[in-house]
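What follows is work-v5.pdb (PDB, C-alpha atoms).
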```pdb
MODEL        1
ATOM      1  CA  MET G   1     -14.702   1.856  15.513
ATOM      2  CA  PRO G   2     -11.717   2.190  17.910
ATOM      3  CA  PRO G   3     -10.041   5.620  17.773
ATOM      4  CA  HIS G   4      -6.653   4.287  16.685
ATOM      5  CA  ILE G   5      -8.074   3.017  13.397
ATOM      6  CA  ALA G   6     -10.582   5.784  12.824
ATOM      7  CA  PRO G   7     -10.581   7.425   9.397
ATOM      8  CA  SER G   8      -7.869  10.063   9.216
ATOM      9  CA  GLN G   9      -8.658  13.644  10.142
ATOM     10  CA  ALA G  10      -7.278  16.699   8.380
ATOM     11  CA  ASP G  11      -4.405  17.207  10.850
ATOM     12  CA  PRO G  12      -1.268  15.770   9.150
ATOM     13  CA  SER G  13       0.532  15.457  12.500
ATOM     14  CA  LEU G  14      -1.599  12.361  13.161
ATOM     15  CA  ALA G  15       0.162  10.780  10.185
ATOM     16  CA  LEU G  16       3.550  10.992  11.925
ATOM     17  CA  THR G  17       2.587   8.943  14.998
ATOM     18  CA  PRO G  18       3.557   5.255  15.215
ATOM     19  CA  THR G  19       0.654   2.809  15.486
ATOM     20  CA  THR G  20       0.155  -0.908  16.001
ATOM     21  CA  THR G  21       0.975  -1.837  12.413
ATOM     22  CA  ILE G  22       2.636   1.348  11.151
ATOM     23  CA  ASP G  23       5.411   0.898  13.690
ATOM     24  CA  SER G  24       7.600   3.736  12.460
ATOM     25  CA  THR G  25       9.790   3.673  15.583
ATOM     26  CA  ASP G  26      10.830   0.055  14.993
ATOM     27  CA  PRO G  27      14.673   0.085  14.901
ATOM     28  CA  GLY G  28      14.790  -1.628  11.534
ATOM     29  CA  ILE G  29      12.316   0.812  10.023
ATOM     30  CA  VAL G  30      14.201   3.802  11.434
ATOM     31  CA  ALA G  31      17.522   2.485  10.109
ATOM     32  CA  LYS G  32      16.156   1.698   6.646
ATOM     33  CA  ALA G  33      14.492   5.114   6.328
ATOM     34  CA  ALA G  34      17.735   6.815   7.349
ATOM     35  CA  GLU G  35      19.734   4.719   4.877
ATOM     36  CA  LEU G  36      17.397   5.431   1.963
ATOM     37  CA  CYS G  37      16.973   9.134   2.690
ATOM     38  CA  THR G  38      20.558  10.093   3.449
ATOM     39  CA  GLY G  39      21.319  13.470   1.874
ATOM     40  CA  LEU G  40      17.687  14.157   0.939
ATOM     41  CA  ASP G  41      16.496  17.331   2.658
ATOM     42  CA  ASP G  42      13.309  17.823   0.661
ATOM     43  CA  PRO G  43      10.363  15.740   1.980
ATOM     44  CA  ARG G  44       9.219  15.206  -1.604
ATOM     45  CA  ASP G  45      12.555  13.633  -2.534
ATOM     46  CA  ARG G  46      12.306  11.369   0.514
ATOM     47  CA  ALA G  47       8.785  10.267  -0.373
ATOM     48  CA  VAL G  48       9.807   9.512  -3.961
ATOM     49  CA  ARG G  49      12.892   7.537  -2.893
ATOM     50  CA  LEU G  50      10.862   5.463  -0.412
ATOM     51  CA  PHE G  51       8.094   4.821  -2.957
ATOM     52  CA  TYR G  52      10.443   3.328  -5.538
ATOM     53  CA  TRP G  53      12.276   1.229  -2.983
ATOM     54  CA  VAL G  54       9.082  -0.359  -1.648
ATOM     55  CA  ARG G  55       7.647  -0.752  -5.146
ATOM     56  CA  ASP G  56      10.576  -2.763  -6.460
ATOM     57  CA  ALA G  57      12.236  -4.340  -3.407
ATOM     58  CA  TYR G  58       9.096  -6.378  -2.662
ATOM     59  CA  ARG G  59       7.530  -8.634  -5.265
ATOM     60  CA  TYR G  60       3.768  -8.325  -5.575
ATOM     61  CA  ASP G  61       2.207 -11.527  -4.234
ATOM     62  CA  PRO G  62      -1.601 -11.664  -3.780
ATOM     63  CA  PHE G  63      -1.548 -15.359  -2.841
ATOM     64  CA  ASN G  64      -0.327 -14.904   0.731
ATOM     65  CA  VAL G  65      -3.092 -13.006   2.484
ATOM     66  CA  SER G  66      -2.539 -13.532   6.192
ATOM     67  CA  HIS G  67      -5.281 -13.159   8.794
ATOM     68  CA  ASP G  68      -2.755 -12.518  11.576
ATOM     69  CA  VAL G  69      -2.371  -8.805  12.266
ATOM     70  CA  ALA G  70       1.235  -9.347  13.367
ATOM     71  CA  ASP G  71       2.115 -10.216   9.766
ATOM     72  CA  TYR G  72       1.091  -6.714   8.702
ATOM     73  CA  ARG G  73       3.433  -4.854  11.034
ATOM     74  CA  ALA G  74       5.906  -2.832   9.014
ATOM     75  CA  GLY G  75       8.812  -4.103  11.101
ATOM     76  CA  HIS G  76       7.841  -7.671  10.175
ATOM     77  CA  MET G  77       7.279  -6.824   6.531
ATOM     78  CA  LEU G  78      10.760  -5.310   6.307
ATOM     79  CA  GLY G  79      12.316  -8.762   6.631
ATOM     80  CA  LEU G  80      10.363 -10.290   3.734
ATOM     81  CA  ASP G  81      10.830 -10.123  -0.032
ATOM     82  CA  ARG G  82       7.200  -9.942  -1.133
ATOM     83  CA  GLY G  83       3.799  -8.597  -0.179
ATOM     84  CA  TYR G  84       0.555  -7.351  -1.609
ATOM     85  CA  CYS G  85      -0.972  -3.888  -1.808
ATOM     86  CA  ILE G  86      -1.994  -3.623   1.852
ATOM     87  CA  SER G  87       1.179  -4.943   3.451
ATOM     88  CA  LYS G  88       3.414  -2.954   1.081
ATOM     89  CA  SER G  89       1.433   0.193   1.842
ATOM     90  CA  VAL G  90       1.810  -0.312   5.596
ATOM     91  CA  LEU G  91       5.571  -0.649   5.118
ATOM     92  CA  LEU G  92       5.745   2.479   2.960
ATOM     93  CA  ALA G  93       3.670   4.434   5.475
ATOM     94  CA  ALA G  94       6.003   3.445   8.311
ATOM     95  CA  LEU G  95       9.100   4.398   6.327
ATOM     96  CA  GLY G  96       7.508   7.709   5.401
ATOM     97  CA  ARG G  97       6.740   8.535   9.022
ATOM     98  CA  ALA G  98      10.225   7.465  10.108
ATOM     99  CA  ALA G  99      11.609   9.850   7.480
ATOM    100  CA  GLY G 100       9.511  12.713   8.816
ATOM    101  CA  VAL G 101       6.961  12.717   5.998
ATOM    102  CA  PRO G 102       3.326  12.581   7.194
ATOM    103  CA  THR G 103       1.962   9.403   5.611
ATOM    104  CA  ARG G 104      -1.376   7.654   5.985
ATOM    105  CA  LEU G 105      -3.176   4.727   4.365
ATOM    106  CA  GLY G 106      -5.814   5.036   1.667
ATOM    107  CA  PHE G 107      -8.164   2.337   0.410
ATOM    108  CA  ALA G 108     -10.464   1.740  -2.537
ATOM    109  CA  ASP G 109     -12.283  -1.154  -4.157
ATOM    110  CA  VAL G 110     -10.965  -1.779  -7.671
ATOM    111  CA  LYS G 111     -11.782  -4.129 -10.515
ATOM    112  CA  ASN G 112      -8.835  -5.875 -12.152
ATOM    113  CA  HIS G 113      -9.824  -6.556 -15.754
ATOM    114  CA  LEU G 114      -6.514  -8.350 -16.452
ATOM    115  CA  GLN G 115      -6.701 -10.700 -13.492
ATOM    116  CA  SER G 116      -4.895 -14.028 -13.940
ATOM    117  CA  GLU G 117      -6.945 -17.220 -14.167
ATOM    118  CA  ARG G 118      -5.231 -18.557 -11.057
ATOM    119  CA  LEU G 119      -6.191 -15.519  -8.987
ATOM    120  CA  ARG G 120      -9.704 -15.406 -10.431
ATOM    121  CA  ALA G 121     -10.193 -19.068  -9.447
ATOM    122  CA  GLN G 122      -9.068 -18.358  -5.909
ATOM    123  CA  MET G 123     -10.993 -15.125  -5.372
ATOM    124  CA  LYS G 124     -14.034 -15.984  -7.530
ATOM    125  CA  SER G 125     -14.333 -12.290  -8.268
ATOM    126  CA  GLU G 126     -12.616  -9.526 -10.250
ATOM    127  CA  LEU G 127     -13.313  -7.064  -7.443
ATOM    128  CA  PHE G 128     -10.334  -6.303  -5.209
ATOM    129  CA  ALA G 129     -11.805  -4.916  -1.995
ATOM    130  CA  TRP G 130      -9.684  -2.633   0.173
ATOM    131  CA  HIS G 131      -6.924  -2.060  -2.381
ATOM    132  CA  GLY G 132      -4.279  -0.231  -0.356
ATOM    133  CA  TYR G 133      -2.074   2.728  -1.198
ATOM    134  CA  VAL G 134      -0.479   5.570   0.774
ATOM    135  CA  GLU G 135      -1.082   9.285   0.945
ATOM    136  CA  PHE G 136       1.916  11.554   1.554
ATOM    137  CA  HIS G 137       1.307  15.063   2.904
ATOM    138  CA  LEU G 138       3.484  17.279   0.708
ATOM    139  CA  ASP G 139       3.141  21.004   0.051
ATOM    140  CA  ASP G 140      -0.005  21.215   2.188
ATOM    141  CA  ARG G 141      -1.929  18.544   0.312
ATOM    142  CA  TRP G 142      -2.330  14.771   0.309
ATOM    143  CA  ILE G 143      -0.815  12.935  -2.671
ATOM    144  CA  LYS G 144      -1.737   9.300  -3.372
ATOM    145  CA  ALA G 145       0.780   6.632  -4.396
ATOM    146  CA  SER G 146       0.281   2.897  -4.995
ATOM    147  CA  SER G 147       3.476   0.853  -4.616
ATOM    148  CA  ALA G 148       1.826  -2.542  -5.164
ATOM    149  CA  PHE G 149       3.180  -3.667  -8.541
ATOM    150  CA  ASN G 150       6.955  -4.109  -8.822
ATOM    151  CA  ILE G 151       8.552  -3.255 -12.148
ATOM    152  CA  GLU G 152       9.499  -6.855 -13.021
ATOM    153  CA  MET G 153       5.884  -7.944 -12.740
ATOM    154  CA  CYS G 154       4.735  -5.040 -14.888
ATOM    155  CA  GLU G 155       7.253  -5.896 -17.600
ATOM    156  CA  LYS G 156       6.250  -9.564 -17.522
ATOM    157  CA  PHE G 157       2.520  -8.883 -17.932
ATOM    158  CA  GLY G 158       2.706  -5.840 -20.208
ATOM    159  CA  THR G 159       1.321  -3.339 -17.719
ATOM    160  CA  ARG G 160       2.759   0.106 -17.158
ATOM    161  CA  PRO G 161       4.726   0.566 -13.933
ATOM    162  CA  LEU G 162       3.506   3.422 -11.797
ATOM    163  CA  GLU G 163       5.839   6.400 -11.642
ATOM    164  CA  PHE G 164       5.738   8.846  -8.736
ATOM    165  CA  ASP G 165       7.136  12.383  -8.702
ATOM    166  CA  GLY G 166       5.750  13.595  -5.388
ATOM    167  CA  VAL G 167       3.546  16.122  -7.200
ATOM    168  CA  GLU G 168       0.818  14.119  -8.938
ATOM    169  CA  ASP G 169      -1.144  11.100  -7.696
ATOM    170  CA  ALA G 170       0.249   7.731  -8.779
ATOM    171  CA  LEU G 171      -2.734   5.385  -8.888
ATOM    172  CA  LEU G 172      -3.267   2.161 -10.819
ATOM    173  CA  HIS G 173      -3.463   2.593 -14.586
ATOM    174  CA  GLU G 174      -6.823   2.293 -16.300
ATOM    175  CA  PHE G 175      -5.246   0.614 -19.357
ATOM    176  CA  ASP G 176      -2.234  -1.612 -20.013
ATOM    177  CA  GLN G 177       0.476  -0.950 -22.613
ATOM    178  CA  ALA G 178      -1.621  -2.562 -25.365
ATOM    179  CA  GLY G 179      -4.642  -0.420 -24.567
ATOM    180  CA  ASN G 180      -6.617  -3.133 -22.816
ATOM    181  CA  ARG G 181      -8.775  -2.175 -19.847
ATOM    182  CA  HIS G 182      -6.780  -2.820 -16.672
ATOM    183  CA  MET G 183      -7.827  -1.252 -13.365
ATOM    184  CA  GLU G 184     -11.135   0.422 -12.556
ATOM    185  CA  TYR G 185     -11.642   2.289  -9.282
ATOM    186  CA  VAL G 186     -15.116   1.474  -7.953
ATOM    187  CA  THR G 187     -15.460   2.634  -4.338
ATOM    188  CA  ASN G 188     -13.363   4.985  -2.215
ATOM    189  CA  ARG G 189     -13.072   3.556   1.314
ATOM    190  CA  GLY G 190     -11.278   6.580   2.726
ATOM    191  CA  SER G 191      -8.035   7.375   4.535
ATOM    192  CA  TYR G 192      -6.796   5.889   7.816
ATOM    193  CA  ASP G 193      -4.054   6.638  10.307
ATOM    194  CA  ASP G 194      -3.669   2.926  11.101
ATOM    195  CA  LEU G 195      -4.669  -0.307   9.383
ATOM    196  CA  PRO G 196      -8.406  -1.105   9.836
ATOM    197  CA  PHE G 197      -7.468  -4.766  10.027
ATOM    198  CA  THR G 198     -10.666  -6.313  11.403
ATOM    199  CA  GLU G 199     -12.841  -4.430   8.947
ATOM    200  CA  ILE G 200     -10.686  -5.571   6.031
ATOM    201  CA  MET G 201     -10.644  -9.212   7.111
ATOM    202  CA  ASN G 202     -14.411  -9.232   7.605
ATOM    203  CA  THR G 203     -14.909  -7.905   4.085
ATOM    204  CA  PHE G 204     -12.495 -10.476   2.648
ATOM    205  CA  ALA G 205     -14.311 -13.341   4.386
ATOM    206  CA  GLU G 206     -17.665 -12.060   3.146
ATOM    207  CA  LEU G 207     -16.583 -11.599  -0.469
ATOM    208  CA  TYR G 208     -14.021 -14.332  -0.994
ATOM    209  CA  GLY G 209     -14.705 -16.928   1.700
ATOM    210  CA  ASP G 210     -12.589 -18.103   4.603
ATOM    211  CA  ASP G 211     -10.426 -20.251   2.319
ATOM    212  CA  TYR G 212      -8.957 -17.131   0.724
ATOM    213  CA  LEU G 213      -7.429 -15.969   3.994
ATOM    214  CA  GLY G 214      -4.039 -17.272   4.954
ATOM    215  CA  THR G 215      -3.410 -19.167   1.733
TER
ENDMDL
END
```

Can you turn what I pasted into structure tokens?
Amino acid sequence: MPPHIAPSQADPSLALTPTTTIDSTDPGIVAKAAELCTGLDDPRDRAVRLFYWVRDAYRYDPFNVSHDVADYRAGHMLGLDRGYCISKSVLLAALGRAAGVPTRLGFADVKNHLQSERLRAQMKSELFAWHGYVEFHLDDRWIKASSAFNIEMCEKFGTRPLEFDGVEDALLHEFDQAGNRHMEYVTNRGSYDDLPFTEIMNTFAELYGDDYLGT
């Protein structure tokens, strides 16, 4: 595995360096981070502000999974209005780094027990491989946060929006508001300082078929 996408080491300084996709020195990313974090001196406050902005400014859309790595660059994502867990996490990681908060990517395989019929027909599986989230380094520890589901989508489908306080992990809820089983974490795929793009795409092709990519 190339060094620039190797699993993250313990040193949080590695999670402040711009990478191919987490292009935290992109002018647009730098400007947006500065705009959102104006007046916020505490890194925790910056992480929380960035989390909520990415969560709700970009509609969750799992039907546009590109197989072009350029589409996953944070600077590109900034100009869109939607994304899915991986692309939104890359954007949040870049904003975090631009704001001076060490931020890396985390991945897990999850089962979505409330998957829509349309998505189930396309994926032919309830397993979501390489579900993406971020990990902020705050108070000498890594804190997980998933910004995938925007609040409008949660309200529409009766799921609970994730809240993040910069102290506790904010991972997908096990149950929805009615008590139905929702998300189940199956496999931890680890933490990365850059997007392991080829590995993800290979897994997607194996599990879901080539037709799933780029639709």

Mind checking which residues fall within 9 Å of Pro161 in chain G, counting all atoms listed in the file, ignoring those fewer than 4 positions away in the same chain, and posting them as a ChimeraX atom specification?
-> /G:149-155,172-173

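Using only C-alpha atoms, the smallest distance between any of G:Met201, G:Leu127, G:Ala70, G:Leu50 and Met183 in chain G comes from G:Leu127.
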
Run the PyMOL selection byres ((chain G and resi 170) around 9) on the file and write out the hits as JSON, numbers by chain.
-> {"G": [143, 144, 145, 146, 147, 162, 163, 164, 165, 166, 168, 169, 171, 172, 173]}

Protein, DNA and RNA residues within 12 Å of (12.7, 12.9, 0.4), only C-alpha atoms, as a PyMOL selection string | chain G and resi 33-52+95-102+136-138+165-166

So that all listed atoms of range 193-202 of chain G fit with 4 Å spare on each side, what axis-aligned box centre and edge lengths in Å, to one decimal, would you give as JSON?
```
{"center_x": -9.0, "center_y": -1.3, "center_z": 8.7, "size_x": 18.7, "size_y": 23.9, "size_z": 13.4}
```

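Between CA of Asn64 in chain G and CA of Glu126 in chain G lies a distance of 17.3 Å.
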
Proximity to Thr19 in chain G - best of G:Thr103, G:Thr198, G:Ser125, G:Thr159, only C-alpha atoms =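 Ranking G:Thr103, G:Thr198, G:Ser125, G:Thr159 by distance to Thr19 in chain G, first place goes to G:Thr103.
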
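The space separating CA of Leu78 in chain G from CA of Asn202 in chain G comes to 25.5 Å.
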
Written as a ChimeraX atom specification, which residues does the PyMOL selection byres ((chain G and resi 76) around 10) give for the file shown?
-> /G:21,23,26,28-29,70-75,77-80,87,91

When distances are computed from all atoms listed in the file, which of G:Trp130, G:Trp53, G:Tyr192, G:Tyr84 shows the smallest separation from Lys32 in chain G?
->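 Smallest distance to Lys32 in chain G is found for G:Trp53.
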
For the point (-5.7, 10.6, 0.4) in the file's frame, write as a PyMOL selection string all residues with an atom no more than 8 Å away, counting all atoms listed in the file.
-> chain G and resi 104-106+134-136+142-144+190-191

Pick out the residues sitting within 9 Å of Ala148 in chain G, and hand them over as a list in words; count all atoms listed in the file, and ignore anything fewer than 2 positions along from it in its own chain.
-> Val54, Arg55, Asp56, Tyr58, Arg59, Tyr60, Gly83, Tyr84, Cys85, Ile86, Ser87, Lys88, Ser89, Gly132, Tyr133, Ser146, Asn150 and Leu172 of chain G
